[in-house]
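The next block is query_36.tsv, given as TSV, C-alpha atoms.
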```
chain	number	residue	atom	x	y	z
A	1443	LYS	CA	5.38	21.12	11.90
A	1444	MET	CA	4.00	18.50	9.51
A	1445	LYS	CA	5.26	15.64	11.68
A	1446	ARG	CA	3.30	16.92	14.68
A	1447	GLN	CA	-0.01	16.63	12.82
A	1448	ALA	CA	-2.42	13.76	13.40
A	1449	PHE	CA	-2.34	13.58	9.60
A	1450	GLY	CA	0.17	11.04	8.34
A	1451	PHE	CA	3.09	12.27	6.25
A	1452	GLY	CA	5.10	9.35	4.97
A	1453	THR	CA	7.23	7.55	2.45
A	1454	ALA	CA	7.99	4.07	1.18
A	1455	VAL	CA	11.09	2.59	2.81
A	1456	VAL	CA	13.40	-0.39	2.35
A	1457	ALA	CA	13.76	-2.39	5.56
A	1458	GLN	CA	17.43	-3.19	5.00
A	1459	ASN	CA	18.30	0.50	4.71
A	1460	LEU	CA	16.82	1.16	8.14
A	1461	VAL	CA	18.77	-1.70	9.73
A	1462	LYS	CA	22.24	-1.73	8.22
A	1463	PRO	CA	24.56	1.06	9.40
A	1464	GLY	CA	27.14	2.97	7.39
A	1465	GLY	CA	27.43	4.98	4.18
A	1466	GLU	CA	24.25	6.11	2.51
A	1467	ASN	CA	22.13	4.12	4.96
A	1468	ASP	CA	23.12	6.52	7.75
A	1469	ARG	CA	21.88	9.44	5.68
A	1470	TYR	CA	18.77	7.49	4.67
A	1471	GLN	CA	17.86	6.84	8.30
A	1472	LYS	CA	18.50	10.45	9.27
A	1473	GLU	CA	16.28	11.82	6.50
A	1474	VAL	CA	13.43	9.37	7.13
A	1475	GLU	CA	13.42	10.34	10.80
A	1476	ARG	CA	13.68	14.05	10.01
A	1477	LEU	CA	10.91	14.27	7.43
A	1478	PHE	CA	8.18	11.72	8.16
A	1479	ASN	CA	5.89	10.19	10.78
A	1480	ARG	CA	4.57	7.29	8.70
A	1481	VAL	CA	6.07	4.68	6.35
A	1482	VAL	CA	5.10	1.81	4.08
A	1483	PHE	CA	7.53	-0.98	3.23
A	1484	GLU	CA	8.04	-0.74	-0.51
A	1485	ASN	CA	8.50	-4.44	-1.26
A	1486	ASP	CA	9.50	-6.27	1.92
A	1487	LEU	CA	6.02	-7.57	2.83
A	1488	LYS	CA	4.91	-8.51	-0.67
A	1489	TRP	CA	4.25	-12.20	-1.15
A	1490	GLY	CA	7.26	-13.09	-3.30
A	1491	PRO	CA	9.92	-11.23	-1.30
A	1492	TRP	CA	8.40	-12.33	2.01
A	1493	GLU	CA	8.51	-16.00	1.03
A	1494	GLU	CA	11.89	-15.91	-0.67
A	1495	GLY	CA	13.65	-14.06	2.10
A	1496	ALA	CA	13.96	-16.95	4.52
A	1497	SER	CA	15.85	-19.16	2.08
A	1498	ASN	CA	18.13	-17.02	-0.06
A	1499	THR	CA	21.19	-14.92	0.67
A	1500	GLY	CA	19.51	-11.98	1.41
A	1501	TYR	CA	17.86	-8.79	0.37
A	1502	TRP	CA	14.34	-9.45	1.62
A	1503	ARG	CA	15.14	-11.45	4.75
A	1504	ARG	CA	12.53	-11.18	7.47
A	1505	GLU	CA	15.00	-10.17	10.13
A	1506	TYR	CA	15.47	-6.90	8.25
A	1507	VAL	CA	11.75	-6.27	8.66
A	1508	ASP	CA	11.93	-7.12	12.36
A	1509	GLY	CA	14.85	-4.73	12.83
A	1510	ALA	CA	13.21	-2.00	10.77
A	1511	VAL	CA	9.96	-2.30	12.73
A	1512	LYS	CA	11.90	-1.95	15.98
A	1513	TRP	CA	13.72	1.12	14.60
A	1514	LEU	CA	10.44	2.70	13.52
A	1515	GLN	CA	8.58	1.91	16.72
A	1516	GLU	CA	11.34	3.49	18.80
A	1517	ARG	CA	10.75	6.68	16.80
A	1518	HIS	CA	6.93	6.50	17.03
A	1519	PHE	CA	6.26	5.90	13.33
A	1520	ASP	CA	3.03	4.46	12.00
A	1521	ILE	CA	3.57	1.62	9.52
A	1522	ARG	CA	1.31	0.62	6.60
A	1523	GLY	CA	1.20	-3.00	5.55
A	1524	HIS	CA	1.56	-3.46	1.78
A	1525	ASN	CA	0.24	-5.86	0.48
A	1526	MET	CA	-1.37	-9.21	1.22
A	1527	VAL	CA	-2.86	-10.23	-2.13
A	1528	TRP	CA	-1.86	-8.84	-5.53
A	1529	GLY	CA	-3.89	-10.82	-8.00
A	1530	THR	CA	-1.49	-11.02	-10.91
A	1531	TRP	CA	0.76	-13.94	-11.84
A	1532	ARG	CA	3.61	-11.50	-12.50
A	1533	TYR	CA	3.93	-10.70	-8.81
A	1534	LEU	CA	2.96	-14.00	-7.25
A	1535	PRO	CA	5.51	-16.66	-6.28
A	1536	PRO	CA	6.08	-19.22	-9.08
A	1537	GLU	CA	4.80	-22.06	-6.91
A	1538	ILE	CA	1.43	-20.27	-6.61
A	1539	LYS	CA	1.09	-20.08	-10.40
A	1540	LYS	CA	1.41	-23.87	-10.45
A	1541	LEU	CA	-1.84	-24.08	-8.47
A	1542	GLU	CA	-3.83	-22.19	-11.12
A	1543	ASN	CA	-5.92	-25.25	-12.01
A	1544	ASP	CA	-6.31	-26.51	-8.44
A	1545	LYS	CA	-8.79	-24.13	-6.86
A	1546	PRO	CA	-8.90	-25.68	-3.37
A	1547	ALA	CA	-5.09	-25.68	-3.10
A	1548	LEU	CA	-4.86	-22.13	-4.47
A	1549	GLU	CA	-7.53	-20.93	-2.05
A	1550	ALA	CA	-5.72	-22.55	0.87
A	1551	ALA	CA	-2.39	-21.03	-0.18
A	1552	ILE	CA	-3.85	-17.51	-0.33
A	1553	GLU	CA	-5.50	-17.83	3.06
A	1554	LYS	CA	-2.28	-19.23	4.52
A	1555	ARG	CA	-0.39	-16.27	3.07
A	1556	ILE	CA	-2.78	-13.77	4.66
A	1557	ALA	CA	-2.59	-15.51	8.03
A	1558	ASP	CA	1.22	-15.73	7.85
A	1559	VAL	CA	2.12	-12.15	7.02
A	1560	GLY	CA	-0.85	-10.73	8.93
A	1561	GLY	CA	0.08	-12.72	12.02
A	1562	ALA	CA	3.77	-11.82	11.76
A	1563	MET	CA	2.92	-8.10	11.62
A	1564	LYS	CA	0.04	-8.21	14.10
A	1565	GLY	CA	0.06	-5.12	16.26
A	1566	LYS	CA	2.89	-3.57	14.25
A	1567	VAL	CA	0.99	-1.98	11.36
A	1568	VAL	CA	-1.87	0.50	11.40
A	1569	ASP	CA	-3.17	-0.35	7.90
A	1570	TRP	CA	-3.11	-3.28	5.51
A	1571	ASP	CA	-3.62	-3.20	1.77
A	1572	VAL	CA	-5.40	-6.54	1.80
A	1573	VAL	CA	-5.94	-6.44	-1.96
A	1574	ASN	CA	-3.80	-4.35	-4.29
A	1575	GLU	CA	-5.00	-3.15	-7.70
A	1576	SER	CA	-8.18	-5.21	-7.92
A	1577	VAL	CA	-9.26	-3.48	-11.15
A	1578	PRO	CA	-6.31	-4.18	-13.48
A	1579	GLU	CA	-4.86	-7.25	-11.73
A	1580	HIS	CA	-7.71	-9.75	-11.60
A	1581	ALA	CA	-6.15	-13.13	-12.40
A	1582	LEU	CA	-7.22	-14.54	-9.03
A	1583	THR	CA	-10.73	-13.09	-9.02
A	1584	ASP	CA	-11.20	-14.43	-12.56
A	1585	ILE	CA	-10.74	-17.88	-11.02
A	1586	PHE	CA	-12.71	-17.44	-7.80
A	1587	GLY	CA	-15.06	-14.54	-8.50
A	1588	LYS	CA	-15.07	-11.24	-6.63
A	1589	GLN	CA	-16.86	-12.80	-3.68
A	1590	GLN	CA	-13.55	-14.38	-2.70
A	1591	MET	CA	-12.19	-10.91	-1.90
A	1592	VAL	CA	-14.69	-10.74	0.96
A	1593	THR	CA	-13.17	-13.93	2.37
A	1594	TRP	CA	-9.67	-12.46	2.10
A	1595	TYR	CA	-10.68	-9.39	4.08
A	1596	LYS	CA	-12.28	-11.55	6.77
A	1597	CYS	CA	-9.09	-13.62	6.97
A	1598	ALA	CA	-7.04	-10.45	7.30
A	1599	LYS	CA	-9.25	-9.16	10.11
A	1600	LYS	CA	-8.84	-12.46	11.93
A	1601	ALA	CA	-5.04	-12.28	11.51
A	1602	ASP	CA	-4.80	-8.69	12.79
A	1603	PRO	CA	-8.05	-7.39	14.31
A	1604	LYS	CA	-6.73	-3.89	15.01
A	1605	ALA	CA	-5.25	-3.02	11.62
A	1606	ARG	CA	-7.39	-0.87	9.32
A	1607	LEU	CA	-8.06	-2.89	6.16
A	1608	CYS	CA	-7.82	-1.06	2.83
A	1609	LEU	CA	-8.26	-1.55	-0.90
A	1610	ASN	CA	-5.44	0.11	-2.86
A	1611	ASP	CA	-5.48	1.10	-6.54
A	1612	TYR	CA	-4.11	3.72	-8.90
A	1613	PRO	CA	-7.00	5.65	-10.44
A	1614	SER	CA	-6.17	9.15	-11.62
A	1615	PRO	CA	-8.63	11.91	-12.55
A	1616	ASP	CA	-7.93	11.09	-16.23
A	1617	THR	CA	-8.96	7.41	-16.12
A	1618	ALA	CA	-12.74	7.42	-15.81
A	1619	GLY	CA	-13.19	3.72	-16.57
A	1620	HIS	CA	-10.64	2.75	-13.96
A	1621	LEU	CA	-12.31	5.02	-11.42
A	1622	ASP	CA	-15.66	3.38	-12.13
A	1623	GLY	CA	-14.18	-0.08	-11.64
A	1624	PHE	CA	-12.48	0.90	-8.40
A	1625	GLU	CA	-15.65	2.44	-6.99
A	1626	LYS	CA	-17.60	-0.66	-8.02
A	1627	ASP	CA	-15.16	-2.95	-6.18
A	1628	LEU	CA	-15.26	-0.78	-3.06
A	1629	LYS	CA	-19.05	-0.81	-3.02
A	1630	PHE	CA	-19.12	-4.57	-3.66
A	1631	LEU	CA	-16.94	-5.20	-0.63
A	1632	LEU	CA	-19.02	-2.92	1.59
A	1633	GLU	CA	-22.34	-4.36	0.39
A	1634	ASN	CA	-21.08	-7.89	1.03
A	1635	HIS	CA	-19.98	-7.03	4.57
A	1636	ALA	CA	-16.24	-7.26	4.07
A	1637	PRO	CA	-14.38	-5.49	6.91
A	1638	LEU	CA	-13.15	-2.79	4.50
A	1639	GLU	CA	-12.10	0.27	6.49
A	1640	GLY	CA	-9.99	2.48	4.22
A	1641	ILE	CA	-9.24	3.51	0.65
A	1642	GLY	CA	-5.75	3.76	-0.82
A	1643	LEU	CA	-5.29	6.01	-3.86
A	1644	GLN	CA	-1.78	5.42	-5.14
A	1645	GLY	CA	-1.00	8.71	-6.86
A	1646	HIS	CA	1.51	7.70	-9.55
A	1647	VAL	CA	1.23	10.88	-11.57
A	1648	GLY	CA	3.49	10.31	-14.58
A	1649	SER	CA	5.00	13.00	-16.78
A	1650	ALA	CA	2.10	15.49	-16.85
A	1651	PRO	CA	0.48	17.19	-13.83
A	1652	TRP	CA	-3.04	16.21	-12.90
A	1653	SER	CA	-5.83	18.75	-12.72
A	1654	ILE	CA	-6.17	19.78	-9.07
A	1655	PRO	CA	-9.93	20.50	-9.36
A	1656	ALA	CA	-10.35	17.02	-10.89
A	1657	LEU	CA	-8.33	15.52	-8.03
A	1658	LEU	CA	-10.63	17.19	-5.52
A	1659	GLN	CA	-13.64	15.79	-7.38
A	1660	VAL	CA	-12.13	12.29	-7.08
A	1661	LEU	CA	-11.64	12.81	-3.34
A	1662	ASP	CA	-15.25	14.03	-3.06
A	1663	ARG	CA	-16.49	11.00	-4.98
A	1664	PHE	CA	-14.63	8.41	-2.96
A	1665	GLY	CA	-15.07	10.31	0.29
A	1666	ALA	CA	-18.81	9.85	-0.13
A	1667	LEU	CA	-18.29	6.16	0.65
A	1668	GLY	CA	-17.56	7.17	4.23
A	1669	LEU	CA	-14.09	5.60	4.50
A	1670	PRO	CA	-10.82	7.44	5.20
A	1671	ILE	CA	-8.65	7.98	2.12
A	1672	GLU	CA	-4.87	7.86	1.96
A	1673	ILE	CA	-2.61	8.83	-0.90
A	1674	THR	CA	-0.34	5.81	-0.65
A	1675	GLU	CA	2.27	5.92	-3.44
A	1676	PHE	CA	2.80	9.48	-4.69
A	1677	ASP	CA	5.46	10.04	-7.29
A	1678	THR	CA	5.89	11.99	-10.52
A	1679	ASP	CA	8.00	11.86	-13.66
A	1680	ILE	CA	7.65	15.58	-14.44
A	1681	LYS	CA	10.95	16.71	-15.96
A	1682	ASP	CA	10.60	20.47	-15.35
A	1683	GLU	CA	11.76	20.86	-11.73
A	1684	ALA	CA	9.93	24.13	-11.12
A	1685	LEU	CA	6.68	22.70	-12.51
A	1686	ASP	CA	7.19	19.49	-10.52
A	1687	ALA	CA	7.70	21.47	-7.30
A	1688	GLN	CA	4.63	23.65	-7.86
A	1689	PHE	CA	2.47	20.64	-8.70
A	1690	PHE	CA	3.70	18.77	-5.64
A	1691	LYS	CA	2.80	21.76	-3.46
A	1692	ASP	CA	-0.65	22.06	-5.04
A	1693	PHE	CA	-1.31	18.31	-4.85
A	1694	LEU	CA	-0.27	18.08	-1.21
A	1695	THR	CA	-2.31	21.17	-0.31
A	1696	ALA	CA	-5.40	19.74	-2.01
A	1697	VAL	CA	-5.06	16.36	-0.28
A	1698	PHE	CA	-4.37	17.86	3.15
A	1699	SER	CA	-7.34	20.21	2.77
A	1700	HIS	CA	-9.86	17.46	2.11
A	1701	PRO	CA	-11.94	16.20	5.06
A	1702	SER	CA	-11.87	12.58	3.86
A	1703	THR	CA	-8.09	12.18	3.74
A	1704	SER	CA	-5.96	10.90	6.60
A	1705	ALA	CA	-2.45	10.47	5.18
A	1706	PHE	CA	-0.09	11.19	2.29
A	1707	LEU	CA	2.82	8.91	1.44
A	1708	MET	CA	5.57	9.36	-1.12
A	1709	TRP	CA	6.64	6.28	-3.06
A	1710	GLY	CA	10.28	6.40	-2.01
```

Mind converting the file's structure to structure tokens?
Amino acid sequence: KMKRQAFGFGTAVVAQNLVKPGGENDRYQKEVERLFNRVVFENDLKWGPWEEGASNTGYWRREYVDGAVKWLQERHFDIRGHNMVWGTWRYLPPEIKKLENDKPALEAAIEKRIADVGGAMKGKVVDWDVVNESVPEHALTDIFGKQQMVTWYKCAKKADPKARLCLNDYPSPDTAGHLDGFEKDLKFLLENHAPLEGIGLQGHVGSAPWSIPALLQVLDRFGALGLPIEITEFDTDIKDEALDAQFFKDFLTAVFSHPSTSAFLMWG
């Protein structure tokens, strides 16, 4: 019943597990097809794995993505693109870190990255997280300024004109300062005419349930910006299984009930 909704119900997936047959992968493929109508690649499209895959022995090789996309398209899945730019040295390829003091070369490398992965996935994804976690991971915007994010979104739109371009971050109802920063970045992009078209709220809950009324207030607050909202990376670390199940039900009900939301994805 959930899969027949226009609303997206999804999960993060590993491309290799959708391509290689046998063992647990057979069960993995069966369950993904049975339960969901939408996926996001957990790591396969991130800058480091995407670049490394062509030259090493193997986990993040691009042909796995090609095969997984074919598998998903045959089953009428929508695919989110995650992510083009994650502005932290921890998750950028080592050769990019070497360009830290060469702004023109760093700028060119980022724009090449967006064009490369955006072009490779053109027409295959419905959304792109162009920038991931702009509030806490700001190494690149510290160098260029936030205005550079507008350029990245314009580059992404050029690479894949039909994909909905999103900003993805992890604010929870308990992190007011983070929420303020996220809202500020969203408004900055809109006011500076970036082709921002969606909001990704990650939904990493942790060990204690969130307040559902507070969650609805967050959805009201960000829904007022007029962009569709997706829960993009839901997971919990709640040890009590009964409490975890009840919270999951309440969380999902709240998200599905809200007029601003368009999809809900588990993080694996």

message: Measuring between only C-alpha atoms, which one of A:Lys1596, A:Arg1504, A:Lys1604, A:Lys1545 shows the shortest distance to Trp1489 (chain A)?
response: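 For Trp1489 (chain A), the nearest of the candidates is A:Arg1504.
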
message: Set the distance at 6 Å and use only C-alpha atoms: which residues neighbour region 1446-1460 of chain A once local chain neighbours fewer than 6 positions away are removed? I'd like the list as a list in words.
response: Asn1467, Gln1471, Phe1478, Asn1479, Arg1480, Val1481, Val1482, Phe1483, Glu1484, Tyr1506, Val1507, Ala1510, Ser1704, Ala1705, Phe1706, Leu1707, Met1708, Trp1709 and Gly1710 of chain A

field: Straight-line distance linking CA of Lys1600 (chain A) with CA of Trp1513 (chain A), stated in Å to one decimal
entry: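 Result for CA of Lys1600 (chain A) versus CA of Trp1513 (chain A): 26.5 Å, one decimal.
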
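Interatomic distance, CA of Val1697 (chain A) against CA of Asn1525 (chain A): 22.9 Å.
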
- prompt: Which residue, A:Leu1632, A:Ala1605, A:Cys1597, A:Ala1656, has the smallest gap to Ala1618 (chain A) when you use all atoms listed in the file?
  reply: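 With all atoms listed in the file as the atom set, the closest residue is A:Ala1656.
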
- line: note - CA of Gly1623 (chain A) and CA of Asp1584 (chain A) are separated by 14.7 Å

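Closest approach to Val1573 (chain A) among A:Asp1544, A:Asp1520, A:Asp1602, A:Asp1611 is made by A:Asp1611 (distances from only C-alpha atoms).
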
task: Identify which of the residues A:Lys1629, A:Leu1477, A:Ile1538, A:Lys1462 lies closest to Met1444 (chain A), counting all atoms listed in the file when measuring atom-to-atom distances.
output: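 For Met1444 (chain A), the nearest of the candidates is A:Leu1477.
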
- request: Tell me, as a list of chain:residue names, which residues lie within 9 Å of Ile1552 (chain A), counting only C-alpha atoms; anything in the same chain fewer than 6 positions away does not count.
  value: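 Near neighbours after the sequence-gap exclusion: A:Met1526, A:Val1527, A:Ile1538, A:Trp1594.
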
field: Residues within 10 Å of Gly1523 (chain A), all atoms listed in the file, excluding chain neighbours under 4 positions, as a list in words
entry: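 Final neighbour list, sorted by chain and number: Val1481, Val1482, Phe1483, Glu1484, Asp1486, Leu1487, Lys1488, Val1559, Gly1560, Met1563, Lys1566, Val1567, Val1568, Asp1569, Trp1570, Asp1571, Val1572, Ala1605, Arg1606, Leu1607 and Cys1608 of chain A.
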
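Checking A:Phe1689, A:Phe1630, A:Phe1698, A:Phe1664 one by one against Gly1648 (chain A), counting only C-alpha atoms, you find the shortest gap at A:Phe1689.
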
query: Which is closer to Ile1654 (chain A) than all the others in A:Asp1692, A:Glu1475, A:Glu1542, A:Glu1493, using all atoms listed in the file?
result: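 Of the candidates, the smallest distance to Ile1654 (chain A) is held by A:Asp1692.
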